[in-house]
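Shown here: work.txt, compact mmCIF, C-alpha atoms.
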```txt
# COMPACT_ATOMS: atom_id res chain seq x y z
CA MET A 1 -106.09 -19.73 83.34
CA PRO A 2 -104.35 -16.34 82.90
CA THR A 3 -101.53 -15.95 80.39
CA ILE A 4 -98.16 -14.27 80.85
CA ILE A 5 -99.41 -11.37 78.73
CA GLU A 6 -102.28 -10.75 81.15
CA VAL A 7 -99.96 -10.98 84.15
CA ALA A 8 -97.56 -8.50 82.56
CA ALA A 9 -100.42 -6.07 81.83
CA LEU A 10 -101.71 -6.24 85.39
CA ALA A 11 -98.22 -5.69 86.81
CA GLY A 12 -97.38 -2.94 84.35
CA VAL A 13 -94.24 -4.66 83.09
CA SER A 14 -93.16 -6.56 79.99
CA THR A 15 -93.61 -10.28 79.51
CA ALA A 16 -89.81 -10.62 79.59
CA THR A 17 -89.78 -9.10 83.09
CA VAL A 18 -92.40 -11.60 84.26
CA SER A 19 -90.31 -14.40 82.84
CA ARG A 20 -87.19 -13.12 84.61
CA VAL A 21 -89.02 -12.82 87.92
CA LEU A 22 -90.01 -16.50 87.70
CA SER A 23 -86.75 -17.89 86.33
CA ARG A 24 -83.98 -15.44 87.36
CA PRO A 25 -85.42 -13.25 90.16
CA GLU A 26 -82.01 -11.91 91.17
CA GLN A 27 -81.97 -9.89 87.93
CA VAL A 28 -85.11 -7.91 88.86
CA SER A 29 -85.44 -5.15 91.44
CA GLU A 30 -87.14 -6.09 94.69
CA GLU A 31 -90.06 -3.70 94.16
CA THR A 32 -90.84 -5.07 90.71
CA ARG A 33 -90.29 -8.66 91.80
CA LEU A 34 -92.71 -8.38 94.73
CA ARG A 35 -95.35 -6.68 92.55
CA VAL A 36 -95.14 -9.35 89.85
CA LEU A 37 -95.15 -12.21 92.37
CA ALA A 38 -98.25 -10.76 94.02
CA ILE A 39 -100.06 -10.69 90.66
CA VAL A 40 -98.89 -14.23 89.88
CA GLN A 41 -100.17 -15.52 93.21
CA SER A 42 -103.52 -13.75 93.11
CA SER A 43 -104.23 -14.70 89.50
CA GLY A 44 -103.11 -18.32 89.85
CA TYR A 45 -100.75 -18.06 86.88
CA THR A 46 -98.36 -20.97 86.29
CA PRO A 47 -95.67 -21.04 83.58
CA ASN A 48 -96.21 -23.29 80.58
CA VAL A 49 -93.44 -25.85 81.04
CA ALA A 50 -93.81 -27.26 77.53
CA ALA A 51 -93.53 -23.81 75.98
CA ARG A 52 -90.52 -22.98 78.12
CA SER A 53 -88.79 -26.19 77.03
CA LEU A 54 -89.39 -25.35 73.37
CA ARG A 55 -88.04 -21.84 73.89
CA THR A 56 -84.96 -22.74 75.92
CA LEU A 57 -84.40 -26.23 74.45
CA ARG A 58 -83.85 -27.40 78.03
CA ALA A 59 -85.96 -30.16 79.55
CA ALA A 60 -85.08 -29.29 83.18
CA LYS A 61 -85.14 -33.02 83.90
CA ILE A 62 -82.39 -35.46 84.87
CA LEU A 63 -82.76 -39.18 84.27
CA LEU A 64 -81.57 -41.47 87.07
CA THR A 65 -81.51 -45.21 86.40
CA VAL A 66 -81.06 -47.93 89.01
CA PRO A 67 -80.35 -51.61 88.32
CA ASP A 68 -82.78 -52.80 91.00
CA ILE A 69 -85.20 -50.33 92.55
CA SER A 70 -86.23 -52.89 95.18
CA ASN A 71 -82.73 -52.67 96.68
CA ALA A 72 -83.04 -50.51 99.81
CA PHE A 73 -79.55 -49.05 99.28
CA PHE A 74 -80.66 -47.03 96.26
CA ALA A 75 -83.56 -45.34 98.07
CA THR A 76 -81.33 -42.93 99.99
CA VAL A 77 -79.13 -42.28 96.94
CA ILE A 78 -82.22 -41.36 94.90
CA ARG A 79 -83.48 -39.10 97.68
CA GLY A 80 -80.16 -37.24 97.81
CA ALA A 81 -80.16 -36.75 94.03
CA GLU A 82 -83.77 -35.59 94.05
CA GLU A 83 -83.09 -33.02 96.77
CA ALA A 84 -80.09 -31.57 94.95
CA ALA A 85 -81.92 -31.50 91.62
CA ARG A 86 -84.98 -29.81 93.12
CA ASP A 87 -82.81 -27.12 94.69
CA ALA A 88 -81.29 -26.49 91.26
CA GLY A 89 -84.67 -26.28 89.49
CA TYR A 90 -84.59 -29.76 87.97
CA SER A 91 -86.88 -32.75 88.24
CA VAL A 92 -85.60 -36.33 88.48
CA VAL A 93 -87.01 -39.12 86.33
CA VAL A 94 -86.25 -42.51 87.90
CA GLY A 95 -85.97 -45.66 85.78
CA ASP A 96 -85.66 -49.24 87.00
CA THR A 97 -83.53 -51.14 84.47
CA ARG A 98 -83.70 -54.51 86.29
CA HIS A 99 -80.21 -55.35 85.04
CA ASP A 100 -81.66 -55.59 81.50
CA PRO A 101 -79.44 -54.05 78.76
CA GLU A 102 -82.45 -53.50 76.50
CA VAL A 103 -84.24 -51.51 79.19
CA GLU A 104 -81.05 -49.52 79.79
CA ASP A 105 -80.94 -48.61 76.10
CA GLN A 106 -84.61 -47.58 76.13
CA TYR A 107 -83.94 -45.13 78.93
CA ALA A 108 -80.72 -43.96 77.27
CA ASP A 109 -82.77 -42.94 74.22
CA MET A 110 -84.41 -40.27 76.39
CA LEU A 111 -81.05 -38.50 76.56
CA SER A 112 -80.47 -38.88 72.83
CA ARG A 113 -83.93 -37.41 72.13
CA ARG A 114 -83.21 -34.58 74.61
CA GLU A 115 -86.18 -35.48 76.74
CA VAL A 116 -83.76 -35.10 79.68
CA ASP A 117 -80.69 -32.92 80.13
CA GLY A 118 -78.44 -35.51 81.74
CA LEU A 119 -78.16 -39.13 82.84
CA ILE A 120 -77.11 -40.53 86.21
CA PHE A 121 -76.79 -44.31 86.18
CA LEU A 122 -76.15 -46.28 89.35
CA GLY A 123 -75.24 -49.55 87.65
CA HIS A 124 -71.91 -50.80 86.37
CA ARG A 125 -72.81 -50.87 82.68
CA LEU A 126 -72.99 -47.90 80.32
CA PRO A 127 -75.97 -48.23 77.93
CA ALA A 128 -74.70 -49.36 74.54
CA ARG A 129 -76.70 -46.72 72.66
CA LEU A 130 -74.75 -43.97 74.36
CA ALA A 131 -71.46 -45.20 72.88
CA PRO A 132 -71.68 -42.84 69.83
CA LEU A 133 -72.35 -39.85 72.11
CA LEU A 134 -69.48 -40.81 74.37
CA ALA A 135 -67.18 -41.35 71.39
CA ARG A 136 -68.05 -37.92 70.03
CA LYS A 137 -67.91 -35.93 73.25
CA GLY A 138 -65.75 -38.14 75.48
CA THR A 139 -65.89 -37.30 79.17
CA ALA A 140 -67.74 -34.09 78.29
CA ALA A 141 -70.99 -35.99 77.71
CA PRO A 142 -73.67 -35.18 80.35
CA ILE A 143 -73.46 -38.68 81.82
CA VAL A 144 -72.50 -39.44 85.43
CA ASN A 145 -72.03 -42.73 87.25
CA GLY A 146 -72.88 -43.19 90.89
CA CYS A 147 -71.41 -45.88 93.16
CA GLU A 148 -70.12 -48.34 90.54
CA TYR A 149 -66.90 -46.65 89.49
CA SER A 150 -64.83 -48.15 86.70
CA ALA A 151 -62.15 -46.36 84.71
CA ASP A 152 -63.30 -48.30 81.65
CA LEU A 153 -66.62 -46.43 81.66
CA GLY A 154 -64.90 -43.18 80.74
CA VAL A 155 -67.49 -41.00 82.51
CA PRO A 156 -67.46 -39.00 85.75
CA SER A 157 -68.18 -41.04 88.86
CA VAL A 158 -69.09 -40.40 92.48
CA HIS A 159 -68.14 -43.18 94.89
CA ILE A 160 -66.24 -44.11 98.01
CA ASP A 161 -62.88 -45.89 98.19
CA ASN A 162 -64.35 -49.38 98.29
CA ALA A 163 -61.01 -51.16 98.60
CA ALA A 164 -59.96 -49.16 101.66
CA ALA A 165 -63.37 -49.57 103.29
CA SER A 166 -63.27 -53.33 102.75
CA ALA A 167 -59.75 -53.56 104.15
CA ASP A 168 -60.96 -51.68 107.22
CA ALA A 169 -63.62 -54.34 107.83
CA ILE A 170 -61.10 -57.20 107.55
CA ASP A 171 -58.64 -55.39 109.81
CA HIS A 172 -61.38 -55.01 112.40
CA LEU A 173 -62.13 -58.75 112.35
CA ILE A 174 -58.44 -59.64 112.55
CA GLY A 175 -58.09 -57.24 115.47
CA LEU A 176 -60.81 -59.19 117.28
CA GLY A 177 -58.74 -62.36 116.94
CA HIS A 178 -60.42 -63.99 113.95
CA ARG A 179 -58.11 -66.06 111.79
CA SER A 180 -60.55 -67.93 109.55
CA ILE A 181 -62.73 -65.39 107.76
CA GLY A 182 -65.39 -65.93 105.12
CA VAL A 183 -66.11 -63.28 102.48
CA VAL A 184 -69.37 -63.21 100.50
CA THR A 185 -68.80 -60.94 97.48
CA GLY A 186 -71.09 -59.44 94.90
CA PRO A 187 -71.16 -60.53 91.23
CA GLU A 188 -67.74 -60.77 89.60
CA ILE A 189 -68.88 -58.36 86.89
CA SER A 190 -69.46 -55.62 89.47
CA PRO A 191 -66.54 -53.14 89.73
CA ILE A 192 -67.26 -52.32 93.37
CA SER A 193 -67.31 -56.02 94.24
CA ARG A 194 -63.91 -56.43 92.62
CA ASP A 195 -62.57 -53.39 94.48
CA ARG A 196 -63.89 -54.61 97.81
CA LEU A 197 -62.45 -58.07 97.24
CA ALA A 198 -59.07 -56.55 96.38
CA GLY A 199 -59.14 -54.58 99.63
CA ALA A 200 -60.11 -57.65 101.67
CA ILE A 201 -57.34 -59.77 100.11
CA ALA A 202 -54.77 -57.01 100.66
CA ALA A 203 -55.69 -56.75 104.35
CA ALA A 204 -55.51 -60.53 104.78
CA GLU A 205 -52.13 -60.66 103.04
CA ARG A 206 -50.74 -57.97 105.34
CA ALA A 207 -51.73 -60.15 108.29
CA GLY A 208 -50.38 -63.32 106.68
CA LEU A 209 -53.87 -64.84 106.48
CA ARG A 210 -54.47 -64.99 102.73
CA ASP A 211 -54.84 -68.78 102.80
CA ARG A 212 -57.38 -68.50 105.66
CA LEU A 213 -59.67 -66.20 103.65
CA HIS A 214 -62.63 -68.19 102.27
CA ILE A 215 -64.31 -66.45 99.32
CA ALA A 216 -67.82 -67.11 98.00
CA VAL A 217 -69.41 -65.20 95.11
CA GLY A 218 -72.91 -63.91 95.82
CA ASP A 219 -75.23 -61.45 94.08
CA TYR A 220 -75.96 -58.89 96.83
CA SER A 221 -79.20 -60.72 97.73
CA ALA A 222 -80.03 -62.30 101.10
CA GLY A 223 -80.88 -65.58 99.40
CA SER A 224 -77.43 -66.05 97.92
CA ALA A 225 -75.80 -65.28 101.28
CA ILE A 226 -77.89 -67.92 103.07
CA ASP A 227 -76.54 -70.71 100.87
CA HIS A 228 -72.96 -69.47 101.03
CA THR A 229 -73.08 -69.00 104.79
CA ARG A 230 -74.02 -72.64 105.28
CA ASP A 231 -70.97 -73.67 103.26
CA LEU A 232 -68.69 -71.26 105.14
CA ILE A 233 -69.90 -72.58 108.50
CA ALA A 234 -69.02 -76.08 107.33
CA GLN A 235 -65.51 -74.81 106.51
CA GLY A 236 -65.09 -73.62 110.09
CA VAL A 237 -64.99 -69.84 109.67
CA THR A 238 -65.42 -67.69 112.78
CA ALA A 239 -66.37 -64.46 110.98
CA ILE A 240 -68.14 -63.51 107.76
CA PHE A 241 -67.80 -60.26 105.84
CA CYS A 242 -70.64 -59.62 103.36
CA PHE A 243 -70.40 -57.00 100.62
CA SER A 244 -73.93 -55.71 101.35
CA ASP A 245 -76.18 -55.42 104.37
CA GLU A 246 -78.84 -57.45 102.61
CA MET A 247 -76.44 -60.37 102.29
CA ALA A 248 -75.35 -59.89 105.91
CA MET A 249 -78.97 -60.25 106.97
CA GLY A 250 -79.16 -63.49 105.02
CA ALA A 251 -75.98 -64.65 106.76
CA LEU A 252 -77.49 -63.90 110.18
CA SER A 253 -80.54 -65.94 109.25
CA ALA A 254 -78.41 -68.91 108.21
CA ILE A 255 -76.34 -68.68 111.41
CA GLY A 256 -79.52 -68.78 113.49
CA ASP A 257 -80.86 -71.74 111.52
CA ALA A 258 -77.59 -73.59 112.23
CA GLY A 259 -78.13 -73.12 115.98
CA LEU A 260 -75.20 -70.74 116.34
CA SER A 261 -75.12 -67.31 117.94
CA CYS A 262 -73.82 -64.00 116.63
CA PRO A 263 -71.53 -62.59 117.86
CA GLY A 264 -70.96 -65.31 120.44
CA GLU A 265 -69.75 -67.93 117.96
CA ILE A 266 -69.62 -66.18 114.57
CA SER A 267 -69.13 -62.47 113.86
CA VAL A 268 -70.75 -60.78 110.85
CA ILE A 269 -69.97 -57.48 109.11
CA GLY A 270 -72.08 -55.96 106.35
CA PHE A 271 -71.65 -53.04 103.97
CA ASP A 272 -73.88 -49.96 103.31
CA ASP A 273 -75.46 -49.24 106.73
CA LEU A 274 -79.09 -49.66 105.69
CA PRO A 275 -81.67 -48.20 108.09
CA LEU A 276 -82.78 -51.67 109.22
CA ALA A 277 -79.22 -52.69 110.21
CA ARG A 278 -79.46 -51.03 113.62
CA TYR A 279 -82.67 -52.85 114.54
CA PHE A 280 -81.27 -56.36 114.26
CA GLN A 281 -80.45 -58.33 117.39
CA PRO A 282 -77.61 -57.88 117.75
CA PRO A 283 -77.35 -54.66 115.70
CA LEU A 284 -75.46 -55.37 112.49
CA THR A 285 -71.85 -54.25 112.30
CA THR A 286 -71.52 -52.52 108.92
CA ILE A 287 -69.53 -50.07 106.81
CA ALA A 288 -71.62 -46.91 106.39
CA GLN A 289 -71.67 -45.37 102.92
CA PRO A 290 -72.70 -41.69 102.60
CA LYS A 291 -75.61 -42.65 100.35
CA GLY A 292 -77.36 -39.30 100.39
CA MET A 293 -74.12 -37.46 99.66
CA ILE A 294 -73.42 -39.74 96.71
CA GLY A 295 -76.82 -38.88 95.25
CA ARG A 296 -76.35 -35.16 95.77
CA ARG A 297 -72.86 -35.11 94.28
CA THR A 298 -73.98 -36.86 91.07
CA VAL A 299 -76.40 -34.07 90.18
CA GLU A 300 -73.91 -31.24 89.74
CA PRO A 301 -71.85 -32.88 86.93
CA ALA A 302 -75.05 -33.97 85.20
CA ARG A 303 -76.61 -30.49 85.07
CA ARG A 304 -73.50 -28.28 84.80
CA HIS A 305 -71.31 -30.41 82.63
CA PRO A 306 -68.78 -28.93 80.18
CA ALA A 307 -70.70 -30.63 77.39
CA ARG A 308 -73.74 -28.45 78.11
CA ARG A 309 -71.70 -25.27 77.83
CA ARG A 310 -70.14 -26.37 74.57
CA GLN A 311 -73.39 -27.71 73.13
CA HIS A 312 -75.71 -25.00 74.40
CA GLY A 313 -73.34 -22.06 74.46
CA PRO A 314 -72.65 -19.57 77.24
CA THR A 315 -76.33 -19.03 77.99
CA GLY A 316 -77.13 -22.73 78.33
CA HIS A 317 -79.53 -22.68 75.36
CA ALA A 318 -79.02 -24.87 72.33
CA GLY A 319 -78.81 -23.27 68.94
CA PRO A 320 -80.20 -24.76 65.71
CA HIS A 321 -76.76 -26.17 64.82
CA ALA A 322 -75.73 -27.35 68.30
CA ASP A 323 -74.79 -30.81 67.08
CA ARG A 324 -72.92 -29.64 63.99
CA PRO A 325 -69.14 -30.18 64.30
CA ARG A 326 -67.35 -26.86 64.51
CA GLN A 327 -64.93 -26.02 61.75
CA HIS A 328 -61.63 -24.74 63.12
CA ARG A 329 -60.67 -22.02 60.68
CA ARG A 330 -59.31 -18.58 61.17
CA THR A 331 -61.97 -15.88 60.86
CA PRO A 332 -60.96 -12.68 59.07
CA PRO A 333 -60.78 -9.50 61.17
CA LEU A 334 -64.11 -7.87 61.89
CA ILE A 335 -62.66 -4.43 62.65
CA ALA A 336 -59.28 -3.00 61.77
CA LEU A 337 -58.38 0.23 63.56
CA ASP A 338 -55.38 2.45 63.14
CA ARG A 339 -53.27 2.31 66.33
CA LYS A 340 -53.15 6.09 66.88
CA ARG A 341 -56.79 6.56 66.00
CA TYR A 342 -57.90 3.80 68.35
CA SER A 343 -55.69 5.02 71.20
CA ARG A 344 -57.30 8.48 70.98
CA LEU A 345 -60.83 7.10 71.31
CA PRO A 346 -62.53 7.77 74.65
CA ALA A 347 -62.98 4.73 76.86
CA GLY A 348 -66.71 4.70 76.20
CA LYS A 349 -66.27 4.56 72.42
CA ARG A 350 -63.66 1.83 72.74
CA ARG A 351 -66.26 -0.22 74.57
CA ILE A 352 -68.83 0.55 71.85
CA ALA A 353 -66.39 -0.73 69.24
CA ARG A 354 -65.88 -3.95 71.15
CA VAL A 355 -69.61 -4.47 71.65
CA ALA A 356 -70.28 -3.82 67.97
CA ALA A 357 -67.67 -6.35 67.02
CA SER A 358 -69.01 -8.95 69.42
CA ARG A 359 -72.56 -8.51 68.09
CA ARG A 360 -71.31 -9.20 64.59
CA ASN A 361 -69.71 -12.33 65.89
CA HIS A 362 -71.54 -15.65 66.14
CA LEU A 363 -72.02 -18.08 69.01
CA GLY A 364 -68.87 -19.87 70.08
CA HIS A 365 -66.41 -17.07 69.38
CA ARG A 366 -65.10 -14.24 71.46
CA VAL A 367 -63.62 -10.91 70.39
CA VAL A 368 -59.97 -10.27 71.18
CA PHE A 369 -58.00 -7.09 70.49
CA ASP A 370 -54.48 -7.76 69.33
CA ALA A 371 -52.11 -5.56 71.35
CA GLU A 372 -49.66 -5.14 68.49
CA GLN A 373 -51.87 -4.68 65.42
CA ILE A 374 -54.88 -3.13 67.20
CA ASN A 375 -57.04 -5.39 65.10
CA CYS A 376 -60.32 -6.73 66.44
CA GLU A 377 -60.35 -10.32 65.38
CA THR A 378 -62.27 -13.40 66.38
CA ARG A 379 -60.56 -16.29 68.01
CA ARG A 380 -62.37 -19.45 68.87
CA ALA A 381 -62.77 -19.93 72.59
CA THR A 382 -61.14 -23.23 73.37
CA ALA A 383 -62.71 -25.40 76.02
CA ARG A 384 -60.54 -27.18 78.52
CA ALA A 385 -60.20 -30.90 78.04
CA ALA A 386 -62.61 -32.55 80.43
CA VAL A 387 -61.09 -34.86 82.99
CA VAL A 388 -62.90 -37.81 84.47
CA LEU A 389 -64.24 -36.72 87.82
CA VAL A 390 -63.59 -39.28 90.51
CA THR A 391 -64.93 -38.29 93.90
CA ASP A 392 -63.67 -40.58 96.64
CA LEU A 393 -66.19 -39.90 99.37
CA PRO A 394 -65.38 -40.90 102.94
CA TRP A 395 -67.05 -43.90 104.49
CA ARG A 396 -67.97 -43.78 108.13
CA ARG A 397 -66.66 -46.23 110.72
CA PRO A 398 -69.70 -46.64 113.00
CA PRO A 399 -69.36 -47.79 116.61
CA TYR A 400 -69.02 -51.53 116.38
CA PRO A 401 -71.30 -53.60 118.63
CA THR A 402 -69.70 -56.07 121.00
CA GLN A 403 -68.00 -58.86 119.08
CA ALA A 404 -66.59 -62.18 120.18
CA GLU A 405 -63.03 -61.71 121.36
CA LEU A 406 -61.20 -64.80 120.15
CA PRO A 407 -57.68 -65.85 121.16
CA PRO A 408 -54.99 -65.68 118.45
```

If you took the structure in this file and wrote it as structure tokens, what would it be?
Amino acid sequence: MPTIIEVAALAGVSTATVSRVLSRPEQVSEETRLRVLAIVQSSGYTPNVAARSLRTLRAAKILLTVPDISNAFFATVIRGAEEAARDAGYSVVVGDTRHDPEVEDQYADMLSRREVDGLIFLGHRLPARLAPLLARKGTAAPIVNGCEYSADLGVPSVHIDNAAASADAIDHLIGLGHRSIGVVTGPEISPISRDRLAGAIAAAERAGLRDRLHIAVGDYSAGSAIDHTRDLIAQGVTAIFCFSDEMAMGALSAIGDAGLSCPGEISVIGFDDLPLARYFQPPLTTIAQPKGMIGRRTVEPARRHPARRRQHGPTGHAGPHADRPRQHRRTPPLIALDRKRYSRLPAGKRRIARVAASRRNHLGHRVVFDAEQINCETRRATARAAVVLVTDLPWRRPPYPTQAELPP
């Protein structure tokens, strides 16, 4: 296996140029880039990823954890995140936590050990072991939540407006003439389940049907919906809104077992728009989440987070004291120039003076010339306070299949 030194010798360039061609090709002329790439391809050279990680102190990996990898909803979210990460030069490490806090903490340790550069978690619970990091860096920590938004998490989140989407489903059923509606929710601990329930209740209250809304608490699984659907049928509901497509499929199964037809006698609406929803008979009415978009949008905050710029500096590389708290003290002037003498310097020499001063400076500072004193002094570059990113993505209202039109 050839080394970078051999590739550089064959191409007649330095090893640094070879490295730039492979990592930042836009910084190299086209002629040189093509020559180096030809040598790389013919020799079969591949960069040493482990060595690059040691040099740059960047893992080029993002950890993405899911609470239940068997849930079909997460598959498209993961694919979207993987596509965006790959385009940005990152790999995605997927972890299935199985709703187990201990497993969540084990994966969270990968971020603490810098085995990954960022964490995307699709559950509702922040790993407990990340609390010190979050307390130290606040919303600047390279941690992003997908789907399960909660203000209590204190981290950026990418999600849809679940309350509005749920209200849209209830309004649709009311518009069809339904007056007794069953709602099968997710776990009470789930923030999105609480948001969806709030939206459903608000829509029912606007129509004066709050007391005709029958609520059952499920767990997003088809099995839980089957049991609850039997109870709702006994209560005389004419429509059922499930907070996931998987539960809606369980509801359809229970309706068929009871000898009833959908949508002839009972209407059903799901949530998520899973690929299988369209192949049911009848096709399942559902709220379509932009699952792939959610995955793609979570990657950007995880890899280009303000915390990375503060921790790793302007170049994105961590220094030996990256975790050391910075001491906010005034640094004495590096250069003091007489006003008249400085004003008479040619523009080129003024730039030389600034560059010399900046080279004497250390990471985390910038050189500023005071307009009054003409003193070159260092002032700490202050980072903007990070704000929790909340991306309310649009949900799609798909064409609803024919539903039972019931009289008021």

>> Within 12 Å of (-69.4, -44.1, 92.2) in the file's own coordinates, which protein, DNA or RNA residues have an atom, counting only C-alpha atoms? List them as a PyMOL selection string.
In response: chain A and resi 77+120-124+144-151+153+155-162+190-192+195+289-291+293-298+388-394

Write to file, as a PDB file, keeping the file's coordinate frame, the residues of the selection just made, with C-alpha atoms.
```
ATOM      1  CA  VAL A  77     -79.130 -42.280  96.940  1.00  0.00           C
ATOM      2  CA  ILE A 120     -77.110 -40.530  86.210  1.00  0.00           C
ATOM      3  CA  PHE A 121     -76.790 -44.310  86.180  1.00  0.00           C
ATOM      4  CA  LEU A 122     -76.150 -46.280  89.350  1.00  0.00           C
ATOM      5  CA  GLY A 123     -75.240 -49.550  87.650  1.00  0.00           C
ATOM      6  CA  HIS A 124     -71.910 -50.800  86.370  1.00  0.00           C
ATOM      7  CA  VAL A 144     -72.500 -39.440  85.430  1.00  0.00           C
ATOM      8  CA  ASN A 145     -72.030 -42.730  87.250  1.00  0.00           C
ATOM      9  CA  GLY A 146     -72.880 -43.190  90.890  1.00  0.00           C
ATOM     10  CA  CYS A 147     -71.410 -45.880  93.160  1.00  0.00           C
ATOM     11  CA  GLU A 148     -70.120 -48.340  90.540  1.00  0.00           C
ATOM     12  CA  TYR A 149     -66.900 -46.650  89.490  1.00  0.00           C
ATOM     13  CA  SER A 150     -64.830 -48.150  86.700  1.00  0.00           C
ATOM     14  CA  ALA A 151     -62.150 -46.360  84.710  1.00  0.00           C
ATOM     15  CA  LEU A 153     -66.620 -46.430  81.660  1.00  0.00           C
ATOM     16  CA  VAL A 155     -67.490 -41.000  82.510  1.00  0.00           C
ATOM     17  CA  PRO A 156     -67.460 -39.000  85.750  1.00  0.00           C
ATOM     18  CA  SER A 157     -68.180 -41.040  88.860  1.00  0.00           C
ATOM     19  CA  VAL A 158     -69.090 -40.400  92.480  1.00  0.00           C
ATOM     20  CA  HIS A 159     -68.140 -43.180  94.890  1.00  0.00           C
ATOM     21  CA  ILE A 160     -66.240 -44.110  98.010  1.00  0.00           C
ATOM     22  CA  ASP A 161     -62.880 -45.890  98.190  1.00  0.00           C
ATOM     23  CA  ASN A 162     -64.350 -49.380  98.290  1.00  0.00           C
ATOM     24  CA  SER A 190     -69.460 -55.620  89.470  1.00  0.00           C
ATOM     25  CA  PRO A 191     -66.540 -53.140  89.730  1.00  0.00           C
ATOM     26  CA  ILE A 192     -67.260 -52.320  93.370  1.00  0.00           C
ATOM     27  CA  ASP A 195     -62.570 -53.390  94.480  1.00  0.00           C
ATOM     28  CA  GLN A 289     -71.670 -45.370 102.920  1.00  0.00           C
ATOM     29  CA  PRO A 290     -72.700 -41.690 102.600  1.00  0.00           C
ATOM     30  CA  LYS A 291     -75.610 -42.650 100.350  1.00  0.00           C
ATOM     31  CA  MET A 293     -74.120 -37.460  99.660  1.00  0.00           C
ATOM     32  CA  ILE A 294     -73.420 -39.740  96.710  1.00  0.00           C
ATOM     33  CA  GLY A 295     -76.820 -38.880  95.250  1.00  0.00           C
ATOM     34  CA  ARG A 296     -76.350 -35.160  95.770  1.00  0.00           C
ATOM     35  CA  ARG A 297     -72.860 -35.110  94.280  1.00  0.00           C
ATOM     36  CA  THR A 298     -73.980 -36.860  91.070  1.00  0.00           C
ATOM     37  CA  VAL A 388     -62.900 -37.810  84.470  1.00  0.00           C
ATOM     38  CA  LEU A 389     -64.240 -36.720  87.820  1.00  0.00           C
ATOM     39  CA  VAL A 390     -63.590 -39.280  90.510  1.00  0.00           C
ATOM     40  CA  THR A 391     -64.930 -38.290  93.900  1.00  0.00           C
ATOM     41  CA  ASP A 392     -63.670 -40.580  96.640  1.00  0.00           C
ATOM     42  CA  LEU A 393     -66.190 -39.900  99.370  1.00  0.00           C
ATOM     43  CA  PRO A 394     -65.380 -40.900 102.940  1.00  0.00           C
TER      44      PRO A 394
END
```

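Closest approach to Leu209 in chain A from the set A:Ile174, A:Val66, A:Val184, A:Ala167 is made by A:Ile174, with distances taken over all atoms listed in the file.
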
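In this model, the gap between CA of Glu205 in chain A and CA of Ile269 in chain A comes to 19.1 Å.
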
> Which residue out of A:Gly292, A:Gly223, A:Gly259, A:Gly182 has the minimum interatomic distance to Leu274 in chain A when only C-alpha atoms are used?
Replying inline: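 That would be A:Gly292, the residue with the smallest distance to Leu274 in chain A.
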
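Remark: for Asp272 in chain A, the closest of the candidate residues A:Ala234, A:Ala131, A:Ala72, A:Ala163 is A:Ala72 (distances computed over all atoms listed in the file).
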
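Among the candidates A:Asp219, A:Val268, A:Ser193, A:Val7, the residue lying nearest to Leu176 in chain A is A:Val268 (atoms considered: all atoms listed in the file).
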
>> Just the number, please: distance in Å from CA of Asp231 in chain A to CA of Ala164 in chain A, one decimal.
In response: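 Computed distance, CA of Asp231 in chain A to CA of Ala164 in chain A, equals 26.9 Å.
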
>> Just want the 12 Å neighbourhood of Glu31 in chain A, counted on all atoms listed in the file, with same-chain residues fewer than 6 positions away dropped. Output as an MDAnalysis selection string.
In response: chainID A and resid 11 13 21 25 37:38
